[in-house]
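To be precise, the following lines are run_26.csv, and they hold CSV, C-alpha atoms and all ligand atoms.
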chain,number,residue,atom,x,y,z
A,1,MET,CA,-7.0,-14.6,-6.5
A,2,ALA,CA,-6.9,-16.7,-3.4
A,3,LYS,CA,-3.9,-18.3,-1.8
A,4,GLU,CA,-3.2,-19.9,1.6
A,5,ILE,CA,0.1,-20.0,3.5
A,6,LEU,CA,0.8,-21.6,6.9
A,7,THR,CA,2.4,-19.4,9.6
A,8,ASN,CA,3.3,-20.3,13.2
A,9,LYS,CA,0.0,-18.7,14.2
A,10,GLY,CA,-2.0,-20.8,11.7
A,11,PRO,CA,-3.1,-20.5,8.1
A,12,VAL,CA,-3.5,-17.2,6.4
A,13,ILE,CA,-5.6,-16.7,3.3
A,14,PHE,CA,-5.0,-14.0,0.7
A,15,GLU,CA,-7.8,-12.9,-1.5
A,16,GLY,CA,-9.0,-10.1,-3.6
A,17,PRO,CA,-10.2,-7.9,-5.1
A,18,VAL,CA,-12.9,-8.3,-2.5
A,19,SER,CA,-16.4,-6.8,-2.6
A,20,SER,CA,-17.9,-4.6,0.2
A,21,GLU,CA,-20.6,-7.3,0.7
A,22,TYR,CA,-17.9,-9.9,1.4
A,23,LEU,CA,-16.0,-7.5,3.7
A,24,ASP,CA,-19.3,-7.0,5.6
A,25,SER,CA,-19.4,-10.7,6.3
A,26,LEU,CA,-16.0,-10.7,8.0
A,27,GLU,CA,-14.6,-9.4,11.3
A,28,ILE,CA,-11.6,-7.1,11.6
A,29,ASN,CA,-8.6,-7.6,13.9
A,30,ARG,CA,-8.6,-5.2,16.8
A,31,THR,CA,-5.0,-4.1,16.2
A,32,LEU,CA,-5.6,-3.0,12.6
A,33,ASN,CA,-5.7,0.6,14.0
A,34,ASN,CA,-2.6,2.3,12.6
A,35,PHE,CA,-4.6,4.7,10.5
A,36,ARG,CA,-8.0,4.8,12.3
A,37,HIS,CA,-10.2,2.7,14.7
A,38,PRO,CA,-10.6,-0.9,13.3
A,39,LYS,CA,-14.4,-0.4,12.9
A,40,ARG,CA,-13.8,2.8,10.8
A,41,GLN,CA,-11.0,1.0,8.9
A,42,LYS,CA,-13.4,-1.7,7.9
A,43,GLU,CA,-15.9,0.9,6.7
A,44,ALA,CA,-13.1,2.6,4.7
A,45,LEU,CA,-12.2,-0.7,3.0
A,46,GLY,CA,-15.8,-1.1,2.1
A,47,LEU,CA,-16.0,2.4,0.6
A,48,VAL,CA,-12.9,1.8,-1.5
A,49,ALA,CA,-14.2,-1.7,-2.7
A,50,ASN,CA,-17.4,0.0,-3.8
A,51,HIS,CA,-15.6,2.5,-6.1
A,52,PRO,CA,-15.4,1.4,-9.7
A,53,GLU,CA,-11.6,1.8,-9.7
A,54,GLY,CA,-11.1,0.8,-6.1
A,55,LEU,CA,-9.3,-2.5,-5.3
A,56,VAL,CA,-9.1,-4.1,-1.9
A,57,TYR,CA,-7.0,-7.2,-1.2
A,58,ILE,CA,-7.0,-8.8,2.2
A,59,ALA,CA,-5.1,-11.3,4.4
A,60,ARG,CA,-7.5,-13.3,6.5
A,61,SER,CA,-7.3,-15.7,9.4
A,62,GLY,CA,-10.7,-17.6,9.5
A,63,PRO,CA,-13.4,-15.0,9.5
A,64,GLU,CA,-11.0,-12.2,10.6
A,65,ILE,CA,-9.3,-9.6,8.4
A,66,ILE,CA,-5.7,-9.4,9.6
A,67,GLY,CA,-4.3,-7.3,6.9
A,68,TYR,CA,-5.1,-5.4,3.7
A,69,VAL,CA,-3.7,-3.4,0.8
A,70,LEU,CA,-5.9,-1.0,-1.1
A,71,PHE,CA,-5.7,1.0,-4.4
A,72,HIS,CA,-7.8,4.0,-5.5
A,73,TYR,CA,-7.6,7.0,-7.7
A,74,PRO,CA,-5.3,9.7,-6.2
A,75,ASN,CA,-6.8,12.5,-4.0
A,76,LYS,CA,-8.6,15.0,-6.2
A,77,TYR,CA,-6.5,17.9,-4.9
A,78,SER,CA,-3.2,16.2,-5.7
A,79,ARG,CA,-1.3,16.7,-9.0
A,80,TRP,CA,-1.4,12.9,-9.7
A,81,ILE,CA,-5.2,13.0,-10.4
A,82,ARG,CA,-4.4,14.9,-13.6
A,83,HIS,CA,-2.9,11.6,-15.0
A,84,PRO,CA,-5.4,9.2,-16.5
A,85,ARG,CA,-3.3,6.0,-15.7
A,86,VAL,CA,-2.2,6.7,-12.1
A,87,LEU,CA,-3.6,4.6,-9.3
A,88,GLU,CA,-2.5,5.1,-5.7
A,89,LEU,CA,-1.6,2.3,-3.3
A,90,GLY,CA,-3.5,4.0,-0.5
A,91,ALA,CA,-2.3,1.9,2.4
A,92,ILE,CA,-1.0,-1.5,3.5
A,93,GLU,CA,-1.4,-2.6,7.0
A,94,ILE,CA,-0.9,-5.9,8.8
A,95,SER,CA,-2.3,-6.5,12.3
A,96,ARG,CA,0.3,-6.2,15.0
A,97,ASP,CA,-0.6,-9.7,16.1
A,98,TRP,CA,0.6,-11.0,12.8
A,99,GLN,CA,3.5,-8.8,11.8
A,100,GLN,CA,7.0,-10.0,10.9
A,101,LYS,CA,5.7,-13.3,9.4
A,102,GLY,CA,6.2,-12.2,5.8
A,103,ILE,CA,2.4,-11.4,5.4
A,104,ALA,CA,2.9,-7.9,3.9
A,105,LYS,CA,5.3,-9.2,1.2
A,106,GLU,CA,3.1,-12.2,0.5
A,107,LEU,CA,0.0,-10.1,0.2
A,108,LEU,CA,1.7,-7.8,-2.3
A,109,GLN,CA,3.0,-10.8,-4.3
A,110,GLU,CA,-0.5,-12.2,-4.5
A,111,THR,CA,-2.0,-8.8,-5.3
A,112,PHE,CA,0.4,-8.3,-8.2
A,113,THR,CA,-0.6,-11.5,-9.9
A,114,ASN,CA,-3.6,-9.4,-11.1
A,115,SER,CA,-2.4,-8.2,-14.5
A,116,VAL,CA,-4.8,-5.2,-14.4
A,117,LEU,CA,-2.2,-3.5,-12.2
A,118,ASP,CA,0.3,-3.6,-15.2
A,119,GLU,CA,-2.0,-1.2,-17.0
A,120,TYR,CA,-1.3,1.5,-14.4
A,121,ILE,CA,1.4,3.7,-13.0
A,122,LEU,CA,1.1,3.0,-9.3
A,123,ILE,CA,2.2,5.4,-6.7
A,124,SER,CA,2.5,5.3,-3.0
A,125,THR,CA,3.0,8.6,-1.2
A,126,GLU,CA,4.8,7.7,2.0
A,127,PHE,CA,4.6,10.3,4.8
A,128,TYR,CA,6.6,9.3,7.9
A,129,TRP,CA,3.9,10.6,10.2
A,130,HIS,CA,1.7,7.7,9.1
A,131,TRP,CA,4.3,5.1,10.1
A,132,ASP,CA,4.1,3.0,13.2
A,133,LEU,CA,7.3,4.2,14.7
A,134,ARG,CA,6.0,3.8,18.3
A,135,THR,CA,5.4,0.0,18.4
A,136,SER,CA,7.7,-1.1,15.6
A,137,ASN,CA,10.8,0.0,17.6
A,138,LEU,CA,12.3,1.2,14.4
A,139,GLY,CA,13.8,4.6,13.8
A,140,VAL,CA,12.5,6.7,11.0
A,141,TRP,CA,15.3,5.7,8.5
A,142,GLU,CA,15.0,2.0,9.4
A,143,TYR,CA,11.3,2.2,8.8
A,144,GLN,CA,11.8,4.0,5.5
A,145,ASN,CA,14.3,1.2,4.5
A,146,MET,CA,11.8,-1.5,5.5
A,147,LEU,CA,9.1,0.1,3.3
A,148,LYS,CA,11.5,0.4,0.4
A,149,ARG,CA,12.2,-3.3,0.7
A,150,ILE,CA,8.5,-4.2,1.0
A,151,TYR,CA,7.4,-2.1,-2.0
A,152,GLY,CA,10.6,-2.9,-3.9
A,153,SER,CA,9.7,-6.6,-3.7
A,154,VAL,CA,6.9,-5.9,-6.2
A,155,GLY,CA,8.7,-3.5,-8.5
A,156,PHE,CA,8.2,-0.1,-6.8
A,157,LYS,CA,11.1,2.3,-7.0
A,158,ARG,CA,11.7,5.6,-5.2
A,159,ARG,CA,11.2,8.7,-7.4
A,160,HIS,CA,12.2,12.2,-6.7
A,161,THR,CA,9.5,14.8,-7.0
A,162,ASP,CA,8.9,18.4,-6.0
A,163,ASP,CA,5.6,17.6,-4.5
A,164,PRO,CA,5.6,19.9,-1.4
A,165,GLU,CA,4.0,17.3,0.9
A,166,ILE,CA,6.8,14.8,0.1
A,167,LEU,CA,9.4,17.5,0.5
A,168,GLU,CA,8.1,18.4,3.9
A,169,HIS,CA,10.4,15.8,5.5
A,170,SER,CA,13.4,14.0,4.0
A,171,ALA,CA,12.1,10.6,5.2
A,172,ASN,CA,8.9,11.0,3.1
A,173,MET,CA,9.0,9.4,-0.3
A,174,LEU,CA,7.2,8.8,-3.5
A,175,MET,CA,7.3,5.1,-4.5
A,176,VAL,CA,6.4,4.3,-8.1
A,177,ARG,CA,5.7,1.2,-10.1
A,178,ILE,CA,5.3,1.6,-13.9
A,179,GLY,CA,3.1,-1.3,-15.2
A,180,LYS,CA,4.6,-3.1,-18.1
A,181,ASN,CA,1.6,-2.2,-20.4
A,182,VAL,CA,1.8,1.5,-19.7
A,183,GLY,CA,2.6,3.4,-23.0
A,184,LYS,CA,5.5,5.8,-23.6
A,185,SER,CA,3.3,8.9,-23.7
A,186,HIS,CA,1.7,8.1,-20.3
A,187,ILE,CA,5.2,7.6,-18.9
A,188,GLU,CA,6.4,10.9,-20.3
A,189,MET,CA,3.3,12.6,-18.9
A,190,PHE,CA,4.0,11.1,-15.5
A,191,ASP,CA,7.7,12.3,-15.7
A,192,GLU,CA,6.4,15.8,-16.3
A,193,LEU,CA,4.0,15.6,-13.3
A,194,THR,CA,6.8,14.7,-10.9
A,195,TYR,CA,8.3,18.2,-11.3
A,196,GLN,CA,5.8,20.9,-11.4
A,197,ASN,CA,7.3,23.8,-9.5
A,198,SER,CA,10.7,24.2,-11.2
A,199,ILE,CA,11.5,27.7,-12.3
A,200,LEU,CA,12.8,27.8,-15.9
A,201,ILE,CA,15.5,30.4,-16.4
A,301,LIG,C1,4.8,-2.2,7.3
A,301,LIG,C2,3.9,-3.4,7.6
A,301,LIG,C3,2.8,-3.5,6.6
A,301,LIG,C4,4.9,-4.7,7.4
A,301,LIG,O1,4.0,-5.8,7.6
A,301,LIG,P1,4.7,-7.3,7.9
A,301,LIG,O2,3.7,-8.3,7.5
A,301,LIG,O3,5.2,-7.3,9.3
A,301,LIG,O4,5.9,-7.3,6.9
A,301,LIG,P2,6.7,-8.6,6.5
A,301,LIG,O5,6.6,-9.6,7.6
A,301,LIG,O6,6.2,-9.0,5.1
A,301,LIG,O7,8.2,-8.1,6.4
A,301,LIG,C5,8.7,-7.4,5.3
A,301,LIG,C6,10.1,-6.9,5.7
A,301,LIG,O8,10.1,-5.9,6.7
A,301,LIG,C7,10.8,-6.4,7.9
A,301,LIG,N1,10.1,-5.9,9.1
A,301,LIG,C8,8.8,-5.9,9.2
A,301,LIG,N2,8.5,-5.4,10.5
A,301,LIG,C9,9.7,-5.1,11.0
A,301,LIG,C10,10.1,-4.6,12.3
A,301,LIG,N3,9.1,-4.2,13.2
A,301,LIG,N4,11.4,-4.5,12.6
A,301,LIG,C11,12.3,-4.8,11.7
A,301,LIG,N5,12.0,-5.3,10.4
A,301,LIG,C12,10.7,-5.5,10.1
A,301,LIG,C13,10.9,-7.9,7.7
A,301,LIG,O9,12.0,-8.4,8.4
A,301,LIG,C14,11.0,-8.1,6.2
A,301,LIG,O10,12.3,-7.8,5.9
A,301,LIG,P3,13.0,-8.4,4.5
A,301,LIG,O11,12.5,-7.4,3.4
A,301,LIG,O12,14.4,-8.3,4.7
A,301,LIG,O13,12.4,-9.7,4.2
A,301,LIG,C15,3.4,-3.4,9.1
A,301,LIG,O14,4.5,-3.1,9.9
A,301,LIG,C16,2.3,-2.4,9.3
A,301,LIG,O15,1.2,-2.6,9.1
A,301,LIG,N6,2.7,-1.2,9.8
A,301,LIG,C17,1.8,-0.1,10.1
A,301,LIG,C18,1.2,0.5,8.8
A,301,LIG,C19,2.3,1.0,7.9
A,301,LIG,O16,3.3,1.6,8.2
A,301,LIG,N7,2.0,0.8,6.5
A,301,LIG,C20,3.0,1.3,5.5
A,301,LIG,C21,2.7,2.6,5.1
A,301,LIG,S1,1.1,2.8,4.3
I need this file expressed as structure tokens, please.
Ligand SMILES: CC(C)(COP(=O)(O)OP(=O)(O)OC[C@H]1O[C@@H](n2cnc3c(N)ncnc32)[C@H](O)[C@@H]1OP(=O)(O)O)[C@@H](O)C(=O)NCCC(=O)NCCS
Amino acid sequence: MAKEILTNKGPVIFEGPVSSEYLDSLEINRTLNNFRHPKRQKEALGLVANHPEGLVYIARSGPEIIGYVLFHYPNKYSRWIRHPRVLELGAIEISRDWQQKGIAKELLQETFTNSVLDEYILISTEFYWHWDLRTSNLGVWEYQNMLKRIYGSVGFKRRHTDDPEILEHSANMLMVRIGKNVGKSHIEMFDELTYQNSILI
């Protein structure tokens, strides 16, 4: 996919899934540093793009990556890896220079025109300690609400789970989008995975 929109800072192009070779040919915005240094972040995008199941979508201004969303298999130590149709939305980030222009929502809209995502149960494990509370000027609950709206715009819903990492703080959340082509048995298998620690009396 490739789409262009015009913002008050100029045109923004959305494209993906992109290859690591293509990512190598681009620069990365210096404020894409919420999770790691921009240089390391660009390397991480390349690594995900190189994985057979990895998907990287970017928002670009000229030769500069100004935002991205990526998907990969869940962490091998997590419960979700036991499910054959679960893919994790690993992160979405928009450069601070370009935030609040509708770019995150547009990037997701464009990404979800890829029907391959309808074959998967997509999860996003949201831990508040990853959020940009410092520069967004949002409180933890406002930030959580913002993310629910952003993910909700492409069909994610919050799901309860007894995953201990999610339970560590009440602002953490598991967001889930069940693709329209996912079969009943895979949905049931996922339902069972959400609660693993219940004691049956
Ligand atoms: C979360 C993030 C991706 C949003 O990117 P963005 O391009 O600014 O988001 P958009 O412009 O598409 O806005 C989406 C919604 O969030 C709201 N929003 C975004 N930033 C906001 C802010 N700082 N304060 C208040 N509202 C905000 C917008 O008003 C919009 O609201 P709506 O749903 O009512 O339309 C960006 O803030 C970011 O990269 N944060 C750091 C990384 C992160 O937290 N990622 C998510 C967890 S992986």
Would you please work out which residue, of A:Gly102, A:Gly152, A:Ser19, A:Leu26, is nearest to Gly62 (chain A) when using only C-alpha atoms?
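For Gly62 (chain A), the nearest of the candidates is A:Leu26.
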Which residues form the shell of 6 Å around ligand LIG 301 (chain A) when you count all atoms listed in the file, given as a list of chain:residue names?
A:Asn34, A:Ala91, A:Ile92, A:Glu93, A:Ile94, A:Gln99, A:Gln100, A:Lys101, A:Gly102, A:Ile103, A:Ala104, A:Lys105, A:Trp131, A:Asp132, A:Ser136, A:Met146, A:Arg149, A:Ile150
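Comparing the minimum interatomic distances between Leu107 (chain A) and each of A:Pro84, A:Ile58, A:Val48, A:Gln144, counting all atoms listed in the file, we find that A:Ile58 sits nearest.
Separating CA of Ile28 (chain A) from CA of Leu45 (chain A) is a distance of 10.7 Å.
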CA of Asp118 (chain A) to CA of Asn172 (chain A): how many Å, to one decimal?
24.9 Å
Rank A:Met189, A:Ala59, A:Val86, A:Leu133 by their smallest atom-to-atom distance to Glu27 (chain A), using only C-alpha atoms, and report the top residue only.
A:Ala59
Residues within 10 Å of Glu21 (chain A), please, as a list in words. Count only C-alpha atoms; anything in the same chain fewer than 2 positions from it doesn't count.
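The residues satisfying every condition are Val18, Ser19, Leu23, Asp24, Ser25, Leu26, Gly46, Ala49 and Asn50 of chain A.
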I'd like to know which of A:Leu193, A:Leu122, A:Leu6, A:Val154 is closest to Arg177 (chain A), using all atoms listed in the file.
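Smallest distance to Arg177 (chain A) is found for A:Leu122.
Distances from A:Glu88, A:Glu106, A:Glu142, A:Glu43 to Ile5 (chain A) were compared using all atoms listed in the file, and the smallest one belongs to A:Glu106.
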For Thr194 (chain A), which of A:Tyr143, A:Trp80, A:Tyr57, A:Tyr68 is the closest residue, counting only C-alpha atoms?
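Using only C-alpha atoms, Thr194 (chain A) sits closest to A:Trp80.
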For Ile123 (chain A): contacts at 12 Å, only C-alpha atoms, fewer than 3 positions along chain excluded, given as a VMD selection string:
chain A and resid 70 to 75 80 to 81 83 85 to 91 117 120 126 151 155 to 159 161 173 to 179 190 194
For a test of reading the model, state the distance in Å between CA of Thr7 (chain A) and CA of Glu110 (chain A), rounded to one decimal.
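Taking CA of Thr7 (chain A) as the start and CA of Glu110 (chain A) as the end point, the length is 16.1 Å.
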Please provide the set of residues having any atom within 12 Å of Asp97 (chain A), restricted to all atoms listed in the file, with same-chain residues fewer than 6 positions apart removed, written as a PyMOL selection string.
chain A and resi 8-9+29-33+61+65-67+103+135-136
Who sits within 8 Å of Tyr195 (chain A), all atoms listed in the file, same chain under 2 positions skipped, as a ChimeraX atom specification:
/A:161-163,191-193,197-198
